[in-house]
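Q: Supplied structure: model.txt, compact mmCIF, C-alpha atoms.
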```txt
# COMPACT_ATOMS: atom_id res chain seq x y z
CA MET A 1 0.00 0.00 0.00
CA LEU A 2 2.81 2.39 0.91
CA GLU A 3 4.73 1.71 -2.28
CA LYS A 4 1.55 2.16 -4.34
CA LEU A 5 0.85 5.45 -2.63
CA LYS A 6 4.42 6.62 -3.17
CA LYS A 7 4.09 5.91 -6.88
CA GLU A 8 0.79 7.75 -7.13
CA ILE A 9 2.22 10.75 -5.30
CA ILE A 10 5.22 10.84 -7.60
CA ASP A 11 2.90 10.57 -10.63
CA ALA A 12 0.83 13.49 -9.33
CA LEU A 13 3.79 15.76 -8.60
CA ASP A 14 3.51 17.81 -11.79
CA SER A 15 -0.19 18.39 -11.24
CA LEU A 16 0.40 19.33 -7.62
CA LEU A 17 3.22 21.69 -8.53
CA ARG A 18 1.18 23.37 -11.26
CA TYR A 19 -1.82 23.82 -8.98
CA ALA A 20 0.41 25.06 -6.17
CA LEU A 21 2.13 27.52 -8.46
CA LEU A 22 -1.14 28.88 -9.76
CA VAL A 23 -2.74 29.28 -6.34
CA THR A 24 0.32 30.70 -4.60
CA GLY A 25 1.79 32.62 -7.53
CA ASN A 26 5.20 31.97 -5.99
CA GLU A 27 7.66 29.20 -6.80
CA GLU A 28 9.10 28.80 -3.30
CA GLU A 29 5.68 28.76 -1.68
CA ALA A 30 4.54 26.24 -4.29
CA LYS A 31 7.48 23.96 -3.48
CA ASP A 32 6.86 24.20 0.25
CA LEU A 33 3.19 23.49 -0.28
CA VAL A 34 3.84 20.40 -2.38
CA GLN A 35 6.51 19.09 -0.03
CA GLU A 36 4.23 19.49 2.97
CA THR A 37 1.39 17.84 1.05
CA CYS A 38 3.52 14.81 0.23
CA TYR A 39 4.77 14.53 3.78
CA ARG A 40 1.28 14.69 5.25
CA ALA A 41 -0.05 12.23 2.73
CA LEU A 42 2.65 9.68 3.58
CA LYS A 43 2.18 10.26 7.26
CA ASN A 44 -1.59 9.84 7.07
CA LEU A 45 -1.58 6.77 4.91
CA ASN A 46 -3.90 5.03 7.35
CA SER A 47 -6.74 7.42 6.55
CA LEU A 48 -6.75 6.24 2.95
CA ASP A 49 -8.51 3.12 1.73
CA GLU A 50 -7.75 1.05 -1.33
CA THR A 51 -10.56 2.58 -3.40
CA SER A 52 -9.67 6.19 -2.68
CA ASN A 53 -8.77 8.53 -5.51
CA VAL A 54 -5.26 9.36 -4.38
CA LYS A 55 -4.85 12.36 -6.66
CA ALA A 56 -8.07 13.96 -5.42
CA TRP A 57 -7.01 13.17 -1.87
CA LEU A 58 -3.65 14.87 -2.44
CA PHE A 59 -5.37 17.96 -3.81
CA THR A 60 -7.68 18.04 -0.80
CA ILE A 61 -4.69 17.87 1.54
CA MET A 62 -2.85 20.57 -0.36
CA ARG A 63 -5.84 22.87 -0.50
CA ASN A 64 -6.41 22.48 3.25
CA ILE A 65 -2.78 23.27 3.97
CA TRP A 66 -2.96 26.29 1.72
CA LEU A 67 -6.17 27.55 3.26
CA ASN A 68 -4.76 27.12 6.74
CA GLN A 69 -1.68 29.04 5.74
CA LYS A 70 -3.60 31.85 4.19
CA LYS A 71 -6.31 31.80 6.83
CA ARG A 72 -9.61 31.02 5.24
CA GLN A 73 -11.02 34.50 5.64
CA GLN A 74 -8.28 35.95 3.50
CA ILE A 75 -8.94 33.61 0.64
CA SER A 76 -12.69 33.55 0.44
CA PRO A 77 -13.94 37.04 1.07
CA VAL A 78 -14.71 37.32 -2.61
CA GLN A 79 -18.42 37.81 -2.99
CA ILE A 80 -19.33 35.44 -5.72
CA ASP A 81 -22.51 35.25 -7.64
CA GLU A 82 -23.28 31.55 -8.05
CA ALA A 83 -25.99 32.16 -10.67
CA ILE A 84 -25.93 29.43 -13.26
CA GLU A 85 -27.20 31.44 -16.16
CA ASN A 86 -24.67 32.13 -18.85
CA LYS A 87 -24.30 35.83 -19.48
CA SER A 88 -21.94 35.77 -22.41
CA ASP A 89 -21.85 33.34 -25.26
CA ASP A 90 -19.43 35.15 -27.44
CA TRP A 91 -16.26 33.23 -27.89
CA ASN A 92 -15.08 33.65 -31.38
CA ILE A 93 -11.58 32.38 -30.92
CA ASN A 94 -11.02 28.79 -31.85
CA PRO A 95 -8.42 26.61 -30.15
CA GLU A 96 -6.40 26.30 -33.33
CA GLU A 97 -6.00 30.03 -33.45
CA LEU A 98 -5.03 30.03 -29.82
CA LEU A 99 -2.45 27.33 -30.41
CA ILE A 100 -0.83 29.38 -33.14
CA ASN A 101 -1.06 32.71 -31.43
CA ASN A 102 1.32 32.76 -28.47
CA GLU A 103 0.28 36.25 -27.43
CA MET A 104 -3.33 35.18 -27.27
CA ARG A 105 -2.42 32.21 -25.07
CA GLN A 106 -0.49 34.45 -22.74
CA THR A 107 -3.44 36.82 -22.59
CA LEU A 108 -5.79 34.02 -21.65
CA LEU A 109 -3.32 32.79 -19.05
CA LYS A 110 -3.09 36.27 -17.61
CA ALA A 111 -6.88 36.42 -17.50
CA LEU A 112 -6.90 33.14 -15.61
CA GLU A 113 -4.23 34.30 -13.16
CA ASN A 114 -6.18 37.49 -12.49
CA LEU A 115 -9.32 35.61 -11.51
CA PRO A 116 -10.37 35.49 -7.86
CA ASP A 117 -8.91 32.41 -6.14
CA VAL A 118 -12.24 30.57 -5.98
CA TYR A 119 -12.74 30.79 -9.74
CA ARG A 120 -9.14 30.13 -10.67
CA GLU A 121 -8.86 26.99 -8.54
CA ILE A 122 -12.07 25.44 -9.83
CA LEU A 123 -11.05 25.96 -13.45
CA ILE A 124 -7.66 24.40 -12.74
CA LEU A 125 -9.20 21.41 -11.04
CA ARG A 126 -11.65 20.86 -13.88
CA TYR A 127 -9.70 21.72 -17.02
CA PHE A 128 -6.08 21.15 -16.04
CA GLU A 129 -6.48 18.17 -13.76
CA ASP A 130 -9.67 16.75 -15.25
CA PHE A 131 -11.40 16.12 -11.94
CA SER A 132 -15.10 15.26 -12.11
CA TYR A 133 -17.67 17.51 -10.44
CA SER A 134 -17.99 14.96 -7.66
CA GLU A 135 -14.24 14.96 -7.03
CA ILE A 136 -14.10 18.74 -7.13
CA SER A 137 -16.97 18.83 -4.67
CA LYS A 138 -14.92 16.70 -2.26
CA ILE A 139 -11.72 18.65 -2.78
CA LEU A 140 -13.42 22.01 -2.25
CA GLY A 141 -15.73 20.71 0.43
CA CYS A 142 -18.81 22.16 -1.20
CA PRO A 143 -22.04 20.74 -2.65
CA LEU A 144 -22.21 19.49 -6.22
CA GLY A 145 -24.60 22.31 -7.16
CA THR A 146 -22.06 24.86 -5.99
CA VAL A 147 -19.40 23.22 -8.15
CA MET A 148 -21.65 23.55 -11.20
CA SER A 149 -22.65 27.14 -10.56
CA ARG A 150 -19.16 28.23 -9.59
CA LEU A 151 -17.69 26.65 -12.70
CA ASN A 152 -20.19 28.50 -14.86
CA ARG A 153 -19.39 31.75 -13.15
CA ALA A 154 -15.65 31.10 -13.41
CA ARG A 155 -15.88 30.44 -17.13
CA GLU A 156 -17.84 33.61 -17.67
CA LYS A 157 -15.42 35.63 -15.61
CA LEU A 158 -12.50 34.20 -17.55
CA LYS A 159 -14.10 35.14 -20.85
CA GLU A 160 -14.84 38.58 -19.52
CA ASN A 161 -11.28 39.08 -18.28
CA PHE A 162 -9.77 37.78 -21.47
CA LEU A 163 -11.90 39.96 -23.73
CA LYS A 164 -11.10 43.03 -21.64
CA ILE A 165 -7.36 42.47 -21.90
CA TYR A 166 -7.56 41.38 -25.54
CA GLU A 167 -9.67 44.33 -26.62
CA LYS A 168 -7.46 46.73 -24.74
CA LYS A 169 -4.43 45.37 -26.58
CA GLU A 170 -6.23 45.63 -29.88
CA ASN A 171 -7.20 49.22 -29.12
CA ASP A 172 -3.64 50.07 -28.12
CA ARG A 173 -2.42 48.78 -31.45
CA SER A 174 -4.91 50.75 -33.53
CA MET B 1 -39.80 20.34 -25.45
CA ILE B 2 -36.58 21.61 -23.88
CA ASP B 3 -35.97 25.32 -23.93
CA HIS B 4 -32.74 26.99 -25.01
CA LYS B 5 -31.96 28.17 -21.51
CA THR B 6 -31.79 24.59 -20.27
CA ILE B 7 -29.70 23.57 -23.25
CA LYS B 8 -27.23 26.37 -22.49
CA ILE B 9 -26.79 24.94 -19.02
CA TRP B 10 -26.52 21.43 -20.38
CA ILE B 11 -23.83 22.46 -22.87
CA ASN B 12 -21.30 22.86 -20.08
CA LEU B 13 -22.40 19.68 -18.35
CA TYR B 14 -22.09 17.86 -21.65
CA LEU B 15 -18.63 19.23 -22.33
CA ASP B 16 -17.55 18.34 -18.80
CA GLY B 17 -18.85 14.79 -19.18
CA GLU B 18 -21.47 15.28 -16.49
CA LEU B 19 -24.57 14.81 -18.61
CA ALA B 20 -25.95 11.29 -18.74
CA GLY B 21 -28.99 9.13 -19.38
CA GLU B 22 -32.20 10.62 -20.70
CA GLU B 23 -30.89 14.17 -20.43
CA LEU B 24 -27.95 13.33 -22.64
CA GLU B 25 -30.23 11.85 -25.27
CA GLN B 26 -32.54 14.88 -25.19
CA PHE B 27 -29.53 17.17 -25.47
CA LYS B 28 -28.13 15.38 -28.50
CA GLN B 29 -31.51 15.38 -30.22
CA HIS B 30 -31.90 19.10 -29.62
CA ILE B 31 -28.42 19.97 -30.86
CA ASN B 32 -29.00 18.00 -34.04
CA LYS B 33 -32.15 20.00 -34.77
CA CYS B 34 -31.18 23.44 -33.44
CA SER B 35 -28.46 25.31 -35.32
CA GLU B 36 -28.37 28.13 -32.77
CA CYS B 37 -27.61 25.75 -29.91
CA SER B 38 -25.24 23.81 -32.11
CA LYS B 39 -23.30 27.03 -32.70
CA LEU B 40 -23.27 27.74 -28.98
CA LEU B 41 -21.94 24.27 -28.30
CA LYS B 42 -19.10 24.81 -30.77
CA GLN B 43 -18.20 28.18 -29.24
CA GLN B 44 -18.22 26.73 -25.76
CA ARG B 45 -16.20 23.72 -26.80
CA ASP B 46 -13.61 26.03 -28.36
CA PHE B 47 -13.48 28.02 -25.19
CA VAL B 48 -13.10 24.98 -22.94
CA ASP B 49 -10.41 23.57 -25.22
CA SER B 50 -8.66 26.93 -25.04
CA ILE B 51 -8.60 26.70 -21.25
CA LYS B 52 -7.24 23.16 -21.46
CA ILE B 53 -4.46 24.33 -23.78
CA LEU B 54 -3.34 26.73 -21.07
CA LYS B 55 -2.24 23.79 -18.93
CA ASP B 56 0.93 23.57 -20.98
CA GLU B 57 1.48 27.29 -20.69
CA VAL B 58 2.11 27.04 -16.98
CA ASN B 59 5.82 26.59 -17.26
CA PHE B 60 7.93 25.66 -14.35
CA ASP B 61 11.24 24.00 -14.00
CA PHE B 62 11.26 22.27 -10.69
CA SER B 63 13.39 19.37 -11.88
CA ASP B 64 15.96 19.62 -9.07
CA PHE B 65 13.25 20.06 -6.51
CA LYS B 66 11.27 17.17 -7.97
CA LYS B 67 14.32 14.92 -7.98
CA GLU B 68 14.98 15.66 -4.33
CA LEU B 69 11.32 15.27 -3.42
CA ILE B 70 11.00 11.96 -5.24
CA SER B 71 14.06 10.74 -3.39
CA GLN B 72 12.48 11.80 -0.08
CA ILE B 73 9.22 10.09 -0.97
CA GLU B 74 10.97 6.87 -1.96
CA ASP B 75 13.06 6.87 1.19
CA PHE B 76 10.12 7.61 3.43
CA LYS B 77 9.71 5.03 6.15
CA PRO B 78 6.56 5.22 8.20
CA GLN B 79 7.32 5.80 11.84
CA ARG B 80 5.89 3.13 13.99
CA LYS B 81 4.01 5.86 15.67
CA SER B 82 1.39 3.78 17.34
CA PHE B 83 3.99 1.38 18.68
CA SER B 84 6.34 4.07 19.89
CA LYS B 85 3.44 6.01 21.35
CA LEU B 86 2.22 2.89 23.10
CA ALA B 87 5.70 2.15 24.37
CA ILE B 88 6.08 5.70 25.65
CA LEU B 89 2.63 5.55 27.21
CA LEU B 90 3.41 2.24 28.89
CA ALA B 91 6.73 3.59 30.11
CA ILE B 92 5.02 6.66 31.53
CA ILE B 93 2.39 4.49 33.20
CA ALA B 94 5.06 2.18 34.59
CA VAL B 95 7.15 5.06 35.91
CA SER B 96 4.06 6.81 37.29
CA LEU B 97 2.94 3.58 38.89
CA GLY B 98 6.38 3.06 40.37
CA ILE B 99 6.49 6.58 41.71
CA GLY B 100 2.95 6.22 42.95
CA ILE B 101 3.72 2.98 44.73
CA TYR B 102 6.90 4.45 46.15
CA LEU B 103 5.14 7.59 47.32
CA THR B 104 2.25 5.58 48.69
CA PHE B 105 4.66 3.35 50.52
CA LEU B 106 6.64 6.31 51.72
CA TYR B 107 3.59 8.24 52.74
CA SER B 108 1.85 5.27 54.30
CA SER B 109 4.95 4.24 56.20
CA ARG B 110 5.31 7.74 57.51
CA THR B 111 1.66 7.95 58.37
CA ASP B 112 1.55 4.47 59.77
CA PHE B 113 4.62 5.00 61.86
CA ALA B 114 3.23 8.17 63.42
CA GLU B 115 -0.21 6.66 63.82
CA ILE B 116 1.11 3.40 65.17
CA ALA B 117 3.30 5.29 67.59
CA ILE B 118 0.24 7.21 68.85
CA GLU B 119 -1.95 4.11 68.87
CA ASN B 120 0.65 2.14 70.80
CA HIS B 121 1.06 5.00 73.21
CA ILE B 122 -2.68 5.23 73.87
CA ARG B 123 -3.14 1.48 74.17
CA GLN B 124 -0.13 1.20 76.40
CA THR B 125 -1.32 3.92 78.76
CA ARG B 126 -4.78 2.30 78.84
CA GLY B 127 -3.24 -0.97 79.86
CA GLN B 128 -4.18 -2.68 76.58
CA LEU B 129 -0.53 -3.31 75.76
CA PRO B 130 0.99 -4.61 78.93
CA LEU B 131 4.73 -4.35 79.21
CA GLU B 132 6.52 -7.60 78.52
CA ILE B 133 9.45 -6.57 80.63
CA LYS B 134 9.09 -4.29 83.61
CA THR B 135 12.33 -2.74 84.65
CA SER B 136 13.99 0.63 84.93
CA SER B 137 17.31 -0.80 83.78
CA GLU B 138 18.41 0.15 80.28
CA ALA B 139 20.73 -2.84 80.18
CA GLU B 140 17.97 -5.31 81.04
CA ILE B 141 15.71 -3.91 78.38
CA SER B 142 18.50 -4.01 75.81
CA ASN B 143 19.19 -7.61 76.68
CA TRP B 144 15.55 -8.52 76.54
CA PHE B 145 15.20 -7.10 73.03
CA SER B 146 18.34 -8.87 71.89
CA GLY B 147 17.39 -11.71 69.51
CA LYS B 148 13.77 -10.63 69.38
CA LEU B 149 14.21 -7.86 66.82
CA ASN B 150 15.50 -7.87 63.27
CA PHE B 151 17.66 -4.89 64.13
CA ASN B 152 20.11 -3.98 66.81
CA PHE B 153 18.64 -1.80 69.45
CA ARG B 154 20.24 -0.89 72.73
CA LEU B 155 18.76 1.58 75.14
CA PRO B 156 21.46 4.03 76.15
CA ARG B 157 22.10 5.03 79.70
CA TYR B 158 21.52 8.56 80.91
CA PRO B 159 24.89 10.30 81.38
CA ASP B 160 24.25 11.02 85.03
CA PRO B 161 21.66 8.54 86.46
CA THR B 162 21.14 10.67 89.54
CA LYS B 163 19.85 13.50 87.35
CA GLN B 164 17.78 11.34 85.01
CA PRO B 165 14.61 13.39 84.33
CA TYR B 166 12.49 10.43 83.33
CA LYS B 167 11.79 7.02 84.67
CA ILE B 168 11.92 3.85 82.58
CA LYS B 169 8.97 1.58 83.23
CA GLY B 170 9.61 -1.28 80.83
CA ALA B 171 9.26 -2.38 77.23
CA ARG B 172 7.55 -4.74 74.81
CA LEU B 173 7.39 -5.79 71.18
CA VAL B 174 4.74 -4.29 68.92
CA ALA B 175 3.78 -5.13 65.36
CA LEU B 176 4.86 -2.87 62.54
CA ASN B 177 4.75 -3.65 58.82
CA ASN B 178 4.69 -7.43 59.33
CA ASP B 179 7.60 -7.21 61.68
CA TYR B 180 8.33 -6.24 65.24
CA ALA B 181 9.25 -2.86 66.58
CA ALA B 182 10.42 -1.93 70.06
CA LEU B 183 8.20 0.00 72.38
CA VAL B 184 9.75 1.50 75.50
CA SER B 185 7.58 3.04 78.18
CA TYR B 186 8.69 6.01 80.26
CA GLU B 187 7.29 8.38 82.77
CA MET B 188 8.36 11.99 82.92
CA ASP B 189 6.93 14.64 85.19
CA ASN B 190 4.35 12.00 86.16
CA ARG B 191 3.11 11.79 82.58
CA PRO B 192 3.43 8.71 80.35
CA MET B 193 5.83 8.83 77.45
CA THR B 194 6.59 6.06 74.93
CA LEU B 195 9.36 5.52 72.43
CA LEU B 196 8.70 3.42 69.34
CA VAL B 197 11.79 2.18 67.50
CA ALA B 198 11.82 0.53 64.06
CA PRO B 199 14.26 0.08 61.19
CA SER B 200 14.38 3.11 58.89
CA ARG B 201 13.64 0.88 55.90
CA SER B 202 10.09 0.41 57.12
CA ALA B 203 9.51 3.65 59.00
CA THR B 204 10.18 7.24 58.10
CA PRO B 205 10.10 10.19 60.46
CA HIS B 206 7.38 12.63 59.63
CA GLY B 207 5.84 15.76 61.06
CA LYS B 208 4.54 19.18 60.12
CA ASN B 209 7.44 20.95 61.78
CA LYS B 210 10.99 20.07 60.94
CA PHE B 211 14.12 21.24 62.65
CA THR B 212 17.72 20.17 62.51
CA PHE B 213 19.84 19.51 65.51
CA LYS B 214 23.28 17.97 65.64
CA GLU B 215 22.99 17.17 61.91
CA LEU B 216 19.83 15.21 62.47
CA ASP B 217 16.39 16.16 61.18
CA PHE B 218 13.69 16.08 63.81
CA TYR B 219 9.99 16.20 63.01
CA LEU B 220 7.34 17.35 65.41
CA ASP B 221 3.65 16.79 64.97
CA THR B 222 0.57 17.01 67.15
CA ARG B 223 -2.36 14.67 66.80
CA ASP B 224 -5.27 13.94 69.09
CA GLY B 225 -3.68 16.05 71.78
CA LEU B 226 -0.45 14.07 71.64
CA ASN B 227 2.95 15.28 70.53
CA ILE B 228 5.01 13.06 68.27
CA LEU B 229 8.69 13.73 67.88
CA SER B 230 10.33 11.51 65.28
CA TRP B 231 13.76 11.20 63.77
CA SER B 232 16.12 8.74 62.11
CA ASP B 233 19.61 7.92 63.16
CA LYS B 234 22.00 5.14 62.17
CA GLY B 235 19.39 3.06 60.34
CA LEU B 236 16.72 3.29 62.98
CA THR B 237 13.68 5.53 63.19
CA TYR B 238 12.34 6.73 66.51
CA ALA B 239 8.99 8.19 67.54
CA LEU B 240 8.60 9.69 70.98
CA VAL B 241 4.99 10.25 72.04
CA PHE B 242 3.99 12.37 75.02
CA ASP B 243 1.06 14.52 76.02
CA PHE B 244 2.59 17.23 78.12
CA GLU B 245 3.25 20.75 77.02
CA ASN B 246 6.33 22.82 77.70
CA PHE B 247 8.41 19.81 76.87
CA ASN B 248 11.97 20.27 77.96
CA TRP B 249 13.85 18.89 74.98
CA LYS B 250 17.19 18.62 76.60
CA LYS B 251 15.98 16.28 79.29
CA PRO B 252 15.29 13.12 77.30
CA CYS B 253 17.24 13.98 74.17
CA ILE B 254 20.44 14.40 76.03
CA VAL B 255 20.48 10.62 76.44
CA CYS B 256 21.54 10.01 72.90
CA HIS B 257 22.09 13.31 71.22
CA SER B 258 23.97 15.35 73.68
CA SER B 259 26.44 15.13 76.51
CA GLY B 260 26.33 18.08 78.79
CA ASP B 261 27.08 20.97 76.48
CA LYS B 262 25.19 19.54 73.49
CA GLU B 263 21.76 20.70 74.31
CA MET B 264 18.76 21.27 72.11
```
Using structure tokens, write down the structure that the file contains.

A:
Amino acid sequence: MLEKLKKEIIDALDSLLRYALLVTGNEEEAKDLVQETCYRALKNLNSLDETSNVKAWLFTIMRNIWLNQKKRQQISPVQIDEAIENKSDDWNINPEELLINNEMRQTLLKALENLPDVYREILILRYFEDFSYSEISKILGCPLGTVMSRLNRAREKLKENFLKIYEKKENDRS
Amino acid sequence: MIDHKTIKIWINLYLDGELAGEELEQFKQHINKCSECSKLLKQQRDFVDSIKILKDEVNFDFSDFKKELISQIEDFKPQRKSFSKLAILLAIIAVSLGIGIYLTFLYSSRTDFAEIAIENHIRQTRGQLPLEIKTSSEAEISNWFSGKLNFNFRLPRYPDPTKQPYKIKGARLVALNNDYAALVSYEMDNRPMTLLVAPSRSATPHGKNKFTFKELDFYLDTRDGLNILSWSDKGLTYALVFDFENFNWKKPCIVCHSSGDKEM
């Protein structure tokens, strides 16, 4: 069991490091966070059963450590509107274009980095790490409905941020 | 008939793989018929794919850190926490128990010795513990105890017998901690006084007031109107019980602990 867990932790290191880097915005903090996560995971092996999703469990541990470090009230004071309704449908940039256009990718990344923590983390969990809604619900410790509504809101916010930055750049050029 | 608003919500669930069963079928049917929703689905898919592409944009080079961390993970050996905790707990319990037993023994022996000394004194003065040897001779008493006790006890003679302030009445054996102790009966100023003597290993001097004299610690206590003066010397513990006040220390103590100028 220990050897299996070790392997799964090692396999998840890149994901953990990426998530840590995006939530902390600091390489050293990200390293510390991942190291502490691995240590706690190995130490608390007994709390894990054979059927557990180790990667989701690692993310839960890391998020809890991070929240404790930042003190929850500092991370979640963002007033978020959990309304499900989509406000903007306009996305006229196709992925191919994005793949070719490095500047556009960087703009979208900047838009993602500028999102409030709650939106940024849920997008990372869903689209970078491919966690299901149910797994995200466990990692974030919130109901499934909240995951759905928050994801919708996060996507809309990302679009909004991106278009703002993108349009501003376009205007600056012209 | 499903409205467009519902389909808009379902688009994201569909793209995230969270739409299933009948809803999934209804969604597919609607998309096939509705060009507007089909266009929305394409836009949203492009957007989601764009987000996914960003994953590779998060560049970091933590190779050294990763190497070190992987090594730490591979070398990790779980501490036998429960065992070590249990061992520590057992050790603490054992030590606590040992200390407890020791303190209990110490305390009880002190208490018992003082109490037994008082009890013997009371019973002796009431006639419930008749003297086994009646004599005023220290030598006779010492001889009588010889062979009867598991310790050497000799009653010393007063330096100047003509000035002896007390009168020896006799002695007997009394029980103490599954063994025998020596009880000597005196009379001083017409009041009874007893001396209980036992090995220090089974009796400890004890009293609320402590004072040191001639490098010996003396303890004085008062219980039930009786004074108990106890001390240890050369492997034996003594308890002198008397009921009179204004006790003149130098009178009896001079027997063993002073000679003329060594007074309390």

Q: With a distance threshold of 6 Å and counting only C-alpha atoms, extract the residues of chain B near chain A and express them as a PyMOL selection string.

A: chain B and resi 43+46+50+52+55

Q: Hey, which of A:Thr107, A:Asn161, A:Thr60, A:Asn171 ends up closest to Cys142 of chain A? Count all atoms listed in the file.

A: A:Thr60

Q: Find the distance between atom CA of Ala171 of chain B and atom CA of Leu216 of chain B and write it in Å to one decimal.

A: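 Distance reported for this atom pair: 25.3 Å.
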
Q: Pick out the closest residue to Thr222 of chain B from this set: B:Ala114, B:Ala181, B:Pro156, B:Ser35. Count all atoms listed in the file.

A: B:Ala114

Q: Under the rule that all atoms listed in the file are counted, which of A:Lys157, A:Ile139, A:Glu8, A:Val147 is the nearest residue to Asn64 of chain A?

A: A:Ile139

Q: How far is it from atom CA of Lys70 of chain A to atom CA of Arg120 of chain A, in Å with one decimal?

A: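 Atom CA of Arg120 of chain A lies at a distance of 16.0 Å from atom CA of Lys70 of chain A.
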
Q: Between atom CA of Leu149 of chain B and atom CA of Arg123 of chain B, what is the spacing in Å?

A: 21.0 Å

Q: Using all atoms listed in the file, determine which residues lie at most 8 Å from segment 192-207 of chain B, disregarding the query and same-chain residues fewer than 3 positions distant; provide the list as a VMD selection string.

A: chain B and resid 106 109 to 111 113 to 114 117 121 125 151 176 to 177 180 to 188 210 218 to 221 228 to 232 235 to 243

Q: Can you pull out the residues contacting segment 21-33 of chain B? Cut-off 12 Å, using only C-alpha atoms, and skip same-chain residues under 6 positions away; I want them as a list in words.

A: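 Neighbouring residues, sequence-local ones excluded: Met1, Ile2, Asp3, His4, Lys5, Thr6, Ile7, Lys8, Ile9, Trp10, Ile11, Asn12, Leu13, Tyr14, Leu15, Lys39, Leu40, Leu41 and Lys42 of chain B.
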
Q: Using only C-alpha atoms for the distances, tell me which of A:Val23, A:Met62, A:Asn68, A:Glu103 is nearest to Glu57 of chain B.

A: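 Distance minimum relative to Glu57 of chain B lands on A:Glu103.
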
Q: Which residue gives the smallest distance to Trp144 of chain B among B:Ile53, B:Ala91, B:Leu131, B:Ala20, with all atoms listed in the file counted?

A: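 Closest to Trp144 of chain B of all the choices is B:Leu131.
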
Q: Have a look at A:Leu125, A:Ser174, A:Tyr166, A:Tyr119 and name the one nearest to Arg153 of chain A; count only C-alpha atoms.

A: A:Tyr119

Q: Using all atoms listed in the file, determine which residues lie at most 9 Å from Gly25 of chain A, disregarding the query and same-chain residues fewer than 5 positions distant; provide the list as number ranges by chain.

A: A: 20, 30, 113
